[in-house]
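So this one's data07.txt, compact mmCIF, C-alpha atoms and all ligand atoms:
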```
# COMPACT_ATOMS: atom_id res chain seq x y z
CA MET A 1 215.81 197.32 181.28
CA GLU A 2 213.58 196.36 184.20
CA GLY A 3 211.39 193.29 183.87
CA ARG A 4 207.63 193.15 184.17
CA THR A 5 205.55 190.37 185.68
CA VAL A 6 203.02 188.36 183.69
CA LYS A 7 200.28 189.79 185.94
CA PHE A 8 201.28 193.36 185.06
CA SER A 9 199.93 193.05 181.51
CA GLN A 10 197.23 190.37 181.87
CA THR A 11 194.16 191.65 180.10
CA THR A 12 190.57 190.44 179.78
CA LEU A 13 188.30 191.71 177.06
CA THR A 14 184.60 190.88 177.30
CA GLU A 15 182.03 191.51 174.61
CA LEU A 16 178.38 190.62 174.13
CA MET A 17 177.69 188.85 170.83
CA ILE A 18 175.02 190.96 169.14
CA PRO A 19 172.88 189.78 166.16
CA SER A 20 174.88 191.85 163.62
CA TYR A 21 177.94 189.63 164.41
CA ALA A 22 176.15 186.52 163.13
CA ASN A 23 176.89 184.64 159.91
CA PHE A 24 174.27 183.18 157.54
CA GLY A 25 174.00 180.10 159.74
CA GLY A 26 173.05 182.23 162.75
CA LYS A 27 176.35 181.63 164.61
CA ILE A 28 179.01 184.27 165.29
CA HIS A 29 181.41 184.98 162.40
CA GLY A 30 184.90 183.55 162.99
CA GLY A 31 186.27 186.92 161.85
CA ILE A 32 184.57 188.72 164.76
CA ILE A 33 186.29 186.41 167.24
CA LEU A 34 189.63 186.80 165.44
CA SER A 35 189.33 190.58 165.55
CA LEU A 36 188.58 190.49 169.29
CA MET A 37 191.56 188.18 169.82
CA ASP A 38 193.82 190.61 167.98
CA LYS A 39 192.54 193.48 170.15
CA ALA A 40 193.13 191.52 173.37
CA ALA A 41 196.63 190.54 172.19
CA TYR A 42 197.40 194.15 171.28
CA ALA A 43 196.24 195.56 174.62
CA CYS A 44 198.25 192.96 176.56
CA ALA A 45 201.38 193.37 174.40
CA ILE A 46 201.40 197.17 174.55
CA LYS A 47 201.00 197.07 178.36
CA HIS A 48 204.06 194.85 178.68
CA ALA A 49 206.14 196.55 176.01
CA GLY A 50 205.24 200.14 176.82
CA ASN A 51 205.40 200.72 173.07
CA TYR A 52 203.18 200.35 170.04
CA CYS A 53 203.03 196.69 168.91
CA VAL A 54 202.14 194.97 165.64
CA THR A 55 200.86 191.44 165.05
CA VAL A 56 203.39 189.33 163.13
CA SER A 57 201.88 185.88 163.24
CA VAL A 58 199.10 183.84 164.78
CA ASP A 59 199.35 180.17 165.76
CA GLY A 60 196.64 177.72 166.59
CA VAL A 61 193.36 179.29 165.59
CA ASP A 62 190.85 176.45 165.73
CA PHE A 63 187.24 177.15 166.47
CA LEU A 64 186.40 174.23 168.72
CA GLN A 65 182.78 175.18 169.37
CA PRO A 66 180.36 177.65 167.77
CA VAL A 67 179.66 180.93 169.54
CA GLU A 68 176.00 181.92 169.72
CA VAL A 69 174.29 185.29 169.46
CA GLY A 70 173.71 186.49 173.05
CA ASP A 71 176.88 184.80 174.41
CA LEU A 72 179.26 186.86 176.49
CA VAL A 73 182.70 186.21 175.03
CA SER A 74 185.74 186.70 177.28
CA LEU A 75 189.28 186.76 175.96
CA LYS A 76 192.02 186.38 178.55
CA ALA A 77 195.40 187.52 177.27
CA SER A 78 198.76 186.90 178.95
CA VAL A 79 202.33 187.39 177.85
CA ASN A 80 203.70 183.85 177.62
CA TYR A 81 207.15 184.60 176.24
CA VAL A 82 209.42 187.50 175.32
CA GLY A 83 212.30 187.59 172.86
CA ARG A 84 214.34 190.72 172.20
CA THR A 85 211.70 192.76 170.37
CA SER A 86 208.93 190.18 170.05
CA LEU A 87 206.51 188.72 172.55
CA VAL A 88 204.05 185.87 172.43
CA VAL A 89 200.61 186.55 173.86
CA GLY A 90 198.45 183.54 174.69
CA ILE A 91 194.71 184.07 174.35
CA HIS A 92 192.13 181.88 176.08
CA VAL A 93 188.62 182.39 174.72
CA THR A 94 185.41 181.39 176.47
CA ALA A 95 181.78 181.99 175.61
CA GLU A 96 179.23 182.28 178.39
CA ASP A 97 175.57 181.55 177.83
CA VAL A 98 174.33 184.12 180.33
CA LYS A 99 170.75 182.82 180.35
CA GLU A 100 171.77 179.20 181.06
CA ASN A 101 174.71 180.23 183.24
CA SER A 102 177.09 177.90 181.33
CA ILE A 103 180.57 178.60 180.01
CA LYS A 104 182.34 176.85 177.13
CA HIS A 105 185.96 177.10 176.07
CA THR A 106 186.07 177.97 172.38
CA ASN A 107 189.79 178.28 171.67
CA ASN A 108 193.39 179.06 172.63
CA SER A 109 195.71 180.92 170.29
CA TYR A 110 199.16 182.43 170.33
CA PHE A 111 199.82 185.85 168.84
CA THR A 112 203.40 186.90 168.13
CA MET A 113 203.65 190.67 168.41
CA VAL A 114 206.62 192.95 167.78
CA ALA A 115 207.14 196.23 169.65
CA LYS A 116 207.99 199.24 167.53
CA GLY A 117 209.74 202.46 168.54
CA THR A 118 208.88 205.95 167.36
CA ASP A 119 211.20 205.32 164.36
CA ASP A 120 208.85 202.43 163.34
CA LYS A 121 211.70 199.92 163.91
CA PRO A 122 211.49 196.88 166.22
CA THR A 123 212.47 197.93 169.72
CA GLU A 124 213.46 195.95 172.81
CA VAL A 125 210.77 194.73 175.20
CA PRO A 126 211.22 194.32 178.98
CA PRO A 127 212.18 190.84 180.24
CA LEU A 128 209.35 188.77 181.68
CA ILE A 129 209.29 188.05 185.41
CA LEU A 130 207.94 184.53 185.98
CA GLU A 131 206.33 184.33 189.42
CA GLU A 132 204.21 181.19 189.11
CA MET A 133 204.98 177.66 187.93
CA GLU A 134 202.27 178.23 185.30
CA ASP A 135 204.23 181.25 183.96
CA ILE A 136 207.34 179.05 183.69
CA ARG A 137 205.38 176.26 181.96
CA ARG A 138 203.97 178.69 179.38
CA PHE A 139 207.36 180.32 178.74
CA ILE A 140 209.00 176.91 178.14
CA GLU A 141 206.09 175.77 175.99
CA ALA A 142 206.52 178.93 173.87
CA ILE A 143 210.24 178.17 173.39
CA LYS A 144 209.32 174.65 172.20
CA ARG A 145 206.54 175.96 169.93
CA LYS A 146 208.94 178.52 168.42
CA SER A 147 211.57 175.90 167.65
CA PHE A 148 208.94 173.45 166.33
CA ARG A 149 207.54 176.20 164.07
CA LYS A 150 211.02 177.07 162.77
CA GLU A 151 211.60 173.44 161.81
CA ALA A 152 208.11 173.10 160.29
CA ASP A 153 208.57 176.35 158.29
CA ALA A 154 211.89 175.13 156.88
CA LYS A 155 210.30 171.79 155.95
CA MET A 156 207.31 173.53 154.32
CA ARG A 157 209.58 175.83 152.31
CA LYS A 158 211.55 172.81 151.08
CA THR A 159 208.40 170.82 150.29
CA PHE A 160 206.51 173.58 148.50
CA SER A 161 209.40 175.32 146.77
CA LYS A 162 208.86 173.26 143.64
CA PHE A 163 206.05 171.21 142.15
CA ILE A 164 207.32 168.06 140.46
CA PRO A 165 204.30 166.47 138.74
CA THR A 166 205.99 163.12 138.16
CA GLU A 167 206.77 162.82 141.88
CA ASP A 168 203.70 164.48 143.35
CA PHE A 169 200.79 163.34 141.18
CA HIS A 170 200.29 160.14 143.22
CA LEU A 171 199.15 162.36 146.12
CA LEU A 172 195.89 162.85 144.20
CA ASN A 173 195.11 159.13 144.45
CA GLY A 174 192.08 158.60 146.65
CA GLN A 175 191.36 162.31 146.88
CA ARG A 176 187.92 163.72 146.08
CA CYS A 177 188.97 165.40 142.86
CA GLU A 178 189.35 164.54 139.19
CA THR A 179 191.86 165.88 136.71
CA ARG A 180 190.53 167.41 133.48
CA LEU A 181 193.64 168.54 131.70
CA SER A 182 193.14 170.74 128.66
CA GLY A 183 192.64 168.92 125.36
CA GLY A 184 191.39 165.82 127.18
CA LYS A 185 194.98 164.67 127.72
CA GLU A 186 195.89 162.21 130.43
CA PHE A 187 198.75 162.76 132.89
CA ASP A 188 200.86 160.09 131.14
CA ASP A 189 200.47 161.94 127.82
CA LEU A 190 201.97 165.11 129.28
CA PHE A 191 204.90 163.83 131.27
CA GLU A 192 207.39 161.08 130.72
CA LYS A 193 206.92 158.27 133.20
CA PRO A 194 209.79 157.98 135.69
CA ASP A 195 211.91 154.85 135.02
C1 LIG B 1 207.21 192.49 162.32
C2 LIG B 1 208.26 193.24 161.57
C3 LIG B 1 208.55 194.52 162.31
C4 LIG B 1 209.52 192.38 161.57
O1 LIG B 1 210.48 193.10 160.84
P1 LIG B 1 211.92 192.49 160.58
O2 LIG B 1 212.64 193.41 159.71
O3 LIG B 1 211.80 191.05 160.20
O4 LIG B 1 212.57 192.65 162.00
P2 LIG B 1 213.53 191.66 162.75
O5 LIG B 1 214.19 190.69 161.84
O6 LIG B 1 214.40 192.53 163.61
O7 LIG B 1 212.54 190.84 163.68
C5 LIG B 1 211.93 191.45 164.79
C6 LIG B 1 211.35 190.36 165.64
O8 LIG B 1 210.24 189.79 164.95
C7 LIG B 1 210.36 188.38 164.96
N1 LIG B 1 209.74 187.90 163.74
C8 LIG B 1 209.92 188.34 162.49
N2 LIG B 1 209.17 187.65 161.64
C9 LIG B 1 208.48 186.74 162.38
C10 LIG B 1 207.55 185.71 162.08
N3 LIG B 1 207.13 185.48 160.85
N4 LIG B 1 207.06 184.99 163.09
C11 LIG B 1 207.44 185.19 164.36
N5 LIG B 1 208.34 186.17 164.72
C12 LIG B 1 208.85 186.90 163.72
C13 LIG B 1 211.87 188.13 164.99
O9 LIG B 1 212.15 186.83 165.47
C14 LIG B 1 212.31 189.20 165.94
O10 LIG B 1 212.05 188.79 167.27
P3 LIG B 1 213.13 189.01 168.46
O11 LIG B 1 213.63 190.43 168.37
O12 LIG B 1 212.34 188.81 169.70
O13 LIG B 1 214.20 188.02 168.27
C15 LIG B 1 207.82 193.55 160.10
O14 LIG B 1 207.74 192.34 159.40
C16 LIG B 1 206.49 194.26 160.04
O15 LIG B 1 206.38 195.44 160.34
N6 LIG B 1 205.44 193.52 159.61
C17 LIG B 1 204.10 194.08 159.50
C18 LIG B 1 203.34 193.89 160.79
C19 LIG B 1 201.97 194.51 160.72
O16 LIG B 1 201.79 195.58 160.19
N7 LIG B 1 201.00 193.80 161.29
C20 LIG B 1 199.64 194.22 161.29
C21 LIG B 1 198.85 193.29 160.48
S1 LIG B 1 198.47 193.98 158.92
```

Kindly transcribe the structure held in the file into structure tokens.
Amino acid sequence: MEGRTVKFSQTTLTELMIPSYANFGGKIHGGIILSLMDKAAYACAIKHAGNYCVTVSVDGVDFLQPVEVGDLVSLKASVNYVGRTSLVVGIHVTAEDVKENSIKHTNNSYFTMVAKGTDDKPTEVPPLILEEMEDIRRFIEAIKRKSFRKEADAKMRKTFSKFIPTEDFHLLNGQRCETRLSGGKEFDDLFEKPD
């Protein structure tokens, strides 16, 4: 299968933030930005893959700054990494205040997409041709992020697979919560203290 360059599928989606996108605080709903990010990731992924793509997971969605009504939001999407059937699309989001002529960076996120064939099964994507040092940096960073996520997922599964009150209750110390167990019982009444 012939490779495709990063440039081949780079996509920019720009949309004006209209008043109906605002939340009760007058800023743009996070969900609107997420939906635009998904669209940008989809367009970029399908260009590279040449096949229909689905979103499998999203990493690193932090809204660093609020987006205002009237801002022109631009989402730059690039394929950062390809596996066999999956690809990681990096999205860089900026919001431009067109009146003030100022641009702020609102977030970066990484969408893992999987290409599907006409049989609805994952299908191979073309290799990625890395022409710039920046392409190489992003590809390597994606490999590291993937391996870090695999380790973190395994750790999370292990940590959250069972809840052991006698071992975990101390985590509530200093937290802004209070326990009100049914019947007015205290923790020590319900569980035997560990020796
Ligand atoms: C994505 C999907 C096709 C994966 O199916 P699967 O049976 O696990 O397929 P595979 O095991 O062959 O995995 C396919 C690829 O997805 C990757 N993948 C699967 N689950 C993943 C996850 N949670 N995170 C990142 N990558 C994942 C695999 O690593 C593999 O990549 P590779 O071929 O590059 O090595 C399937 O889970 C699906 O269709 N999910 C629904 C997606 C969807 O509808 N999204 C829209 C949002 S509602």

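Closest approach to Gly30 in chain A from the set A:Glu178, A:Asp153, A:Asp62, A:Glu100 is made by A:Asp62, with distances taken over only C-alpha atoms.
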
- Task: Could you jot down the CA of Glu2 in chain A to CA of Asn80 in chain A separation for me, Å, one decimal place?
- Result: 17.2 Å

Closest pair table for chain A residues within 7 Å of ligand LIG 1 (chain B), all atoms listed in the file, as a Markdown table:
```
| residue | atom | partner | partner_atom | distance |
| --- | --- | --- | --- | --- |
| A:Val54 | CA | B:LIG1 | N7 | 4.6 |
| A:Thr55 | CA | B:LIG1 | N7 | 4.4 |
| A:Val56 | CA | B:LIG1 | C1 | 5.0 |
| A:Ser57 | CA | B:LIG1 | N4 | 5.3 |
| A:Val82 | CA | B:LIG1 | O12 | 6.5 |
| A:Gly83 | CA | B:LIG1 | O12 | 3.4 |
| A:Arg84 | CA | B:LIG1 | O12 | 3.7 |
| A:Thr85 | CA | B:LIG1 | O11 | 3.6 |
| A:Ser86 | CA | B:LIG1 | O12 | 3.7 |
| A:Leu87 | CA | B:LIG1 | O12 | 6.5 |
| A:Thr112 | CA | B:LIG1 | C11 | 5.8 |
| A:Val114 | CA | B:LIG1 | C1 | 5.5 |
| A:Lys121 | CA | B:LIG1 | C3 | 6.5 |
| A:Pro122 | CA | B:LIG1 | C3 | 5.4 |
```

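Among the candidates A:Lys47, A:Glu132, A:Ile33, A:Glu68, the one nearest to Ile18 in chain A when counting only C-alpha atoms is A:Glu68.
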
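Using all atoms listed in the file, the smallest distance between any of A:Phe111, A:Phe169, A:Phe139, A:Phe160 and Val89 in chain A comes from A:Phe111.
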
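Residues in contact with Leu128 in chain A at 8 Å, where all atoms listed in the file are counted and same-chain residues fewer than 2 positions away are skipped, are listed as Gly3, Arg4, Thr5, Val6, Tyr81, Val82, Pro126 and Leu130 of chain A.
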
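The interatomic distance for the pair CA of Met133 in chain A and CA of Lys150 in chain A works out to 25.9 Å.
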
- Neighbours of Asn23 in chain A within 10 Å (only C-alpha atoms; same-chain residues fewer than 5 positions away dropped), as JSON, numbers by chain? {"A": [28, 29, 30, 31, 32, 69]}

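Straight-line separation from CA of Val61 in chain A to CA of Ala41 in chain A: 13.4 Å.
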
- Task: With a distance cut-off of 8 Å and only C-alpha atoms, select the neighbouring residues of His105 in chain A, excluding the residue or stretch itself and same-chain residues fewer than 4 positions from it, and output the selection as number ranges by chain.
- Result: A: 64-65, 92-95

Atoms to include: C-alpha atoms. Write the selected residues as an mmCIF file, in the frame of the given file.
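To be explicit, this is the file written out as result.cif:
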```
data_model
loop_
_atom_site.group_PDB
_atom_site.id
_atom_site.type_symbol
_atom_site.label_atom_id
_atom_site.label_comp_id
_atom_site.auth_asym_id
_atom_site.auth_seq_id
_atom_site.Cartn_x
_atom_site.Cartn_y
_atom_site.Cartn_z
ATOM 1 C CA LEU A 64 186.400 174.230 168.720
ATOM 2 C CA GLN A 65 182.780 175.180 169.370
ATOM 3 C CA HIS A 92 192.130 181.880 176.080
ATOM 4 C CA VAL A 93 188.620 182.390 174.720
ATOM 5 C CA THR A 94 185.410 181.390 176.470
ATOM 6 C CA ALA A 95 181.780 181.990 175.610
#
```

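Of the residues listed (A:Gln175, A:Ser9, A:Ser20, A:Asn108), A:Ser9 shows the shortest atom-to-atom separation from Ile46 in chain A; distances use only C-alpha atoms.
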
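Using all atoms listed in the file for every distance, the candidate list A:Asn101, A:Thr159, A:Ser74, A:Thr179 yields A:Ser74 as the residue closest to Lys39 in chain A.
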
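Closest approach to Leu13 in chain A among A:Ser78, A:Thr166, A:Ser109, A:Asn51 is made by A:Ser78 (distances from only C-alpha atoms).
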